[in-house]
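**Student:** Please read through the structure below; I'll follow up with questions.
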Amino acid sequence: MIIKNVMVAGAGLLGSQVSWQIACSGFNVTVYDAFEEGLKAGRKYHEQYGELFMSTRGASQQDIDQTMTRLNYTTSLAVAARDADLVSESVPENLDIKKKFYRDLSAVA
């Protein structure tokens, strides 16, 4: 199987780091969060990671721009899962939330 598109569930601190690293590695990433506020926070983290990578890891503005174009954001689980070859789950460590996420994902994946 060839992996091109990755869905990352959760745009918090962990999910934003995972999605950033995947996008930096050249994969298309759809970041899913149940809440628009979560996606806004994830986008802000990604902007900060871009600055950090340029200042400490030698990334160019072009590298960061390319990474950012590979990141997409949605509150729709169906949209996030639609083209996903791989799913990475970073939802809160709460059993009820995880059960609901996997139940909902199984309906659309």
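Ligands are numbered from 1 in the order shown, chains are lettered A, B, ... in the order of the structure tokens, and residues start at 1 in each chain.
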Write down as a PyMOL selection string the residues belonging to stretch 2-103 of chain A that are assigned helix (DSSP H, G or I) by DSSP computed on the backbone.
**Tutor:** chain A and resi 13-24+36-56+61-69+77-82+95-103
**Student:** Would you mind listing what lies within 12 Å of stretch 48-55 of chain A as an mmCIF file with N, CA and C atoms, in the first residue's frame, with only C-alpha atoms counted and same-chain residues fewer than 2 positions away left out?
**Tutor:**
data_model
loop_
_atom_site.group_PDB
_atom_site.id
_atom_site.type_symbol
_atom_site.label_atom_id
_atom_site.label_comp_id
_atom_site.auth_asym_id
_atom_site.auth_seq_id
_atom_site.Cartn_x
_atom_site.Cartn_y
_atom_site.Cartn_z
ATOM 1 N N LEU A 13 -1.967 19.838 21.260
ATOM 2 C CA LEU A 13 -0.510 19.857 21.275
ATOM 3 C C LEU A 13 0.081 18.617 20.609
ATOM 4 N N SER A 16 -1.141 18.313 16.777
ATOM 5 C CA SER A 16 -0.519 19.317 15.912
ATOM 6 C C SER A 16 0.938 18.963 15.631
ATOM 7 N N GLN A 17 1.628 18.409 16.616
ATOM 8 C CA GLN A 17 3.012 17.990 16.390
ATOM 9 C C GLN A 17 3.076 16.824 15.415
ATOM 10 N N VAL A 18 2.200 15.851 15.602
ATOM 11 C CA VAL A 18 2.170 14.698 14.708
ATOM 12 C C VAL A 18 1.854 15.139 13.286
ATOM 13 N N SER A 19 0.826 15.953 13.127
ATOM 14 C CA SER A 19 0.437 16.388 11.780
ATOM 15 C C SER A 19 1.535 17.229 11.130
ATOM 16 N N TRP A 20 2.219 18.065 11.902
ATOM 17 C CA TRP A 20 3.313 18.865 11.356
ATOM 18 C C TRP A 20 4.436 17.977 10.835
ATOM 19 N N GLN A 21 4.850 17.026 11.632
ATOM 20 C CA GLN A 21 5.949 16.135 11.227
ATOM 21 C C GLN A 21 5.580 15.320 9.991
ATOM 22 N N ALA A 23 3.385 16.201 7.628
ATOM 23 C CA ALA A 23 3.380 17.125 6.486
ATOM 24 C C ALA A 23 4.806 17.502 6.085
ATOM 25 N N CYS A 24 5.687 17.698 7.048
ATOM 26 C CA CYS A 24 7.100 17.998 6.745
ATOM 27 C C CYS A 24 7.745 16.857 5.970
ATOM 28 N N ALA A 41 -6.480 26.527 17.101
ATOM 29 C CA ALA A 41 -5.287 26.318 17.933
ATOM 30 C C ALA A 41 -4.245 25.505 17.166
ATOM 31 N N GLY A 42 -4.689 24.480 16.442
ATOM 32 C CA GLY A 42 -3.771 23.662 15.655
ATOM 33 C C GLY A 42 -3.065 24.468 14.583
ATOM 34 N N ARG A 43 -3.800 25.344 13.911
ATOM 35 C CA ARG A 43 -3.181 26.215 12.897
ATOM 36 C C ARG A 43 -2.128 27.126 13.538
ATOM 37 N N LYS A 44 -2.444 27.653 14.705
ATOM 38 C CA LYS A 44 -1.494 28.526 15.398
ATOM 39 C C LYS A 44 -0.235 27.750 15.772
ATOM 40 N N TYR A 45 -0.403 26.521 16.269
ATOM 41 C CA TYR A 45 0.765 25.677 16.554
ATOM 42 C C TYR A 45 1.600 25.478 15.292
ATOM 43 N N HIS A 46 0.934 25.219 14.170
ATOM 44 C CA HIS A 46 1.665 24.979 12.922
ATOM 45 C C HIS A 46 2.462 26.217 12.497
ATOM 46 N N ARG A 57 16.237 24.757 12.773
ATOM 47 C CA ARG A 57 16.502 23.539 11.999
ATOM 48 C C ARG A 57 16.915 23.804 10.562
ATOM 49 N N GLY A 58 17.094 25.059 10.227
ATOM 50 C CA GLY A 58 17.572 25.393 8.892
ATOM 51 C C GLY A 58 16.551 25.260 7.783
ATOM 52 N N ALA A 59 15.271 25.187 8.128
ATOM 53 C CA ALA A 59 14.239 25.119 7.093
ATOM 54 C C ALA A 59 14.131 26.473 6.403
ATOM 55 N N SER A 60 13.871 26.441 5.114
ATOM 56 C CA SER A 60 13.675 27.684 4.360
ATOM 57 C C SER A 60 12.202 28.068 4.385
ATOM 58 N N GLN A 61 11.932 29.298 3.986
ATOM 59 C CA GLN A 61 10.537 29.732 3.885
ATOM 60 C C GLN A 61 9.791 28.851 2.885
ATOM 61 N N GLN A 62 10.469 28.447 1.817
ATOM 62 C CA GLN A 62 9.850 27.564 0.822
ATOM 63 C C GLN A 62 9.492 26.215 1.450
ATOM 64 N N ASP A 63 10.380 25.661 2.287
ATOM 65 C CA ASP A 63 10.083 24.396 2.980
ATOM 66 C C ASP A 63 8.820 24.533 3.822
ATOM 67 N N ILE A 64 8.739 25.626 4.549
ATOM 68 C CA ILE A 64 7.595 25.847 5.432
ATOM 69 C C ILE A 64 6.320 26.057 4.611
ATOM 70 N N ASP A 65 6.416 26.844 3.549
ATOM 71 C CA ASP A 65 5.251 27.068 2.685
ATOM 72 C C ASP A 65 4.743 25.756 2.095
ATOM 73 N N GLN A 66 5.653 24.907 1.654
ATOM 74 C CA GLN A 66 5.256 23.613 1.091
ATOM 75 C C GLN A 66 4.604 22.734 2.149
ATOM 76 N N THR A 67 5.159 22.754 3.344
ATOM 77 C CA THR A 67 4.562 21.986 4.437
ATOM 78 C C THR A 67 3.152 22.485 4.709
ATOM 79 N N MET A 68 2.986 23.801 4.778
ATOM 80 C CA MET A 68 1.669 24.374 5.073
ATOM 81 C C MET A 68 0.645 24.024 3.990
#
**Student:** Please, which residues in stretch 5-63 of chain A fall within 7 Å of stretch 87-94 of chain A when counting only C-alpha atoms, and what is the closest atom pair and distance in Å to one decimal for each, ordered by chain then residue number, as CSV?
**Tutor:**
residue,atom,partner,partner_atom,distance
A:Val6,CA,A:Val87,CA,5.8
A:Met7,CA,A:Val87,CA,4.8
A:Val8,CA,A:Ser88,CA,4.7
A:Ala9,CA,A:Glu89,CA,4.8
A:Gly10,CA,A:Val91,CA,4.9
A:Leu14,CA,A:Ser90,CA,6.4
A:Gly15,CA,A:Ser90,CA,5.2
**Student:** List as a CSV table (one decimal) with N, CA, C and O atoms, in the first residue's frame the protein and nucleic acid residues near A:Leu86, meaning an atom at most 12 Å away when only C-alpha atoms are counted, but skip any in the same chain fewer than 4 places from it.
**Tutor:**
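Output saved as selection_27.csv:
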chain,number,residue,atom,x,y,z
A,1,MET,N,0.8,-1.2,0.0
A,1,MET,CA,0.0,0.0,0.0
A,1,MET,C,0.9,1.2,0.0
A,1,MET,O,1.9,1.3,0.8
A,2,ILE,N,0.5,2.2,-0.8
A,2,ILE,CA,1.2,3.5,-0.8
A,2,ILE,C,0.4,4.5,0.0
A,2,ILE,O,-0.8,4.6,-0.2
A,3,ILE,N,1.1,5.1,0.9
A,3,ILE,CA,0.5,6.1,1.8
A,3,ILE,C,0.8,7.5,1.2
A,3,ILE,O,1.9,7.9,1.1
A,4,LYS,N,-0.3,8.2,0.9
A,4,LYS,CA,-0.2,9.6,0.4
A,4,LYS,C,-0.9,10.6,1.3
A,4,LYS,O,-0.5,11.7,1.5
A,5,ASN,N,-2.1,10.1,1.8
A,5,ASN,CA,-2.9,11.0,2.6
A,5,ASN,C,-3.1,10.4,4.0
A,5,ASN,O,-3.5,9.3,4.2
A,6,VAL,N,-2.9,11.3,5.0
A,6,VAL,CA,-3.0,10.9,6.4
A,6,VAL,C,-4.0,11.8,7.1
A,6,VAL,O,-4.0,13.0,6.9
A,7,MET,N,-4.8,11.2,7.9
A,7,MET,CA,-5.8,11.9,8.7
A,7,MET,C,-5.2,11.9,10.1
A,7,MET,O,-4.8,10.9,10.6
A,8,VAL,N,-5.1,13.1,10.7
A,8,VAL,CA,-4.7,13.2,12.1
A,8,VAL,C,-5.9,13.7,12.9
A,8,VAL,O,-6.4,14.8,12.6
A,9,ALA,N,-6.4,12.9,13.8
A,9,ALA,CA,-7.6,13.3,14.6
A,9,ALA,C,-7.1,13.9,15.9
A,9,ALA,O,-6.4,13.3,16.7
A,19,SER,N,0.8,16.0,13.1
A,19,SER,CA,0.4,16.4,11.8
A,19,SER,C,1.5,17.2,11.1
A,19,SER,O,1.8,17.1,9.9
A,22,ILE,N,4.3,14.9,9.9
A,22,ILE,CA,3.9,14.1,8.7
A,22,ILE,C,3.9,15.0,7.5
A,22,ILE,O,4.4,14.6,6.4
A,27,PHE,N,3.8,14.2,3.2
A,27,PHE,CA,2.5,13.6,3.0
A,27,PHE,C,1.4,14.7,3.1
A,27,PHE,O,1.6,15.7,3.8
A,28,ASN,N,0.3,14.4,2.5
A,28,ASN,CA,-0.9,15.3,2.6
A,28,ASN,C,-1.5,14.9,3.9
A,28,ASN,O,-1.8,13.7,4.2
A,29,VAL,N,-1.9,15.9,4.7
A,29,VAL,CA,-2.5,15.7,6.0
A,29,VAL,C,-3.8,16.4,6.1
A,29,VAL,O,-3.9,17.6,5.9
A,30,THR,N,-4.8,15.7,6.6
A,30,THR,CA,-6.1,16.4,7.0
A,30,THR,C,-6.1,16.3,8.5
A,30,THR,O,-6.2,15.2,9.0
A,80,ALA,N,-12.6,14.3,6.6
A,80,ALA,CA,-11.2,14.0,7.0
A,80,ALA,C,-10.9,12.5,6.6
A,80,ALA,O,-9.7,12.3,6.2
A,81,ALA,N,-11.8,11.6,6.8
A,81,ALA,CA,-11.5,10.2,6.5
A,81,ALA,C,-11.7,9.8,5.0
A,81,ALA,O,-11.1,8.8,4.6
A,82,ARG,N,-12.3,10.6,4.2
A,82,ARG,CA,-12.6,10.3,2.9
A,82,ARG,C,-11.5,9.7,2.1
A,82,ARG,O,-11.6,8.7,1.4
A,109,ALA,N,-15.2,5.6,7.6
A,109,ALA,CA,-13.9,5.2,6.9
A,109,ALA,C,-14.1,4.1,6.0
A,109,ALA,O,-15.0,3.3,6.1
**Student:** From the DSSP assignment of the backbone, select every residue of chain A that is strand (DSSP E), and format the answer as a list in words.
**Tutor:** Asn5, Val6, Met7, Val8, Ala9, Asn28, Val29, Thr30, Val31, Tyr32, Leu71, Asn72, Tyr73, Thr74, Leu86, Val87, Ser88 and Glu89 of chain A
**Student:** Mind pulling up the distance from atom CA of A:Val79 to atom CA of A:Tyr32?
**Tutor:** 8.8 Å
**Student:** With distances taken over only C-alpha atoms, which of A:Gly26, A:Gly38, A:Asp33, A:Glu47 is nearest to A:Ser76?
**Tutor:**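 The closest residue to A:Ser76 is A:Asp33.
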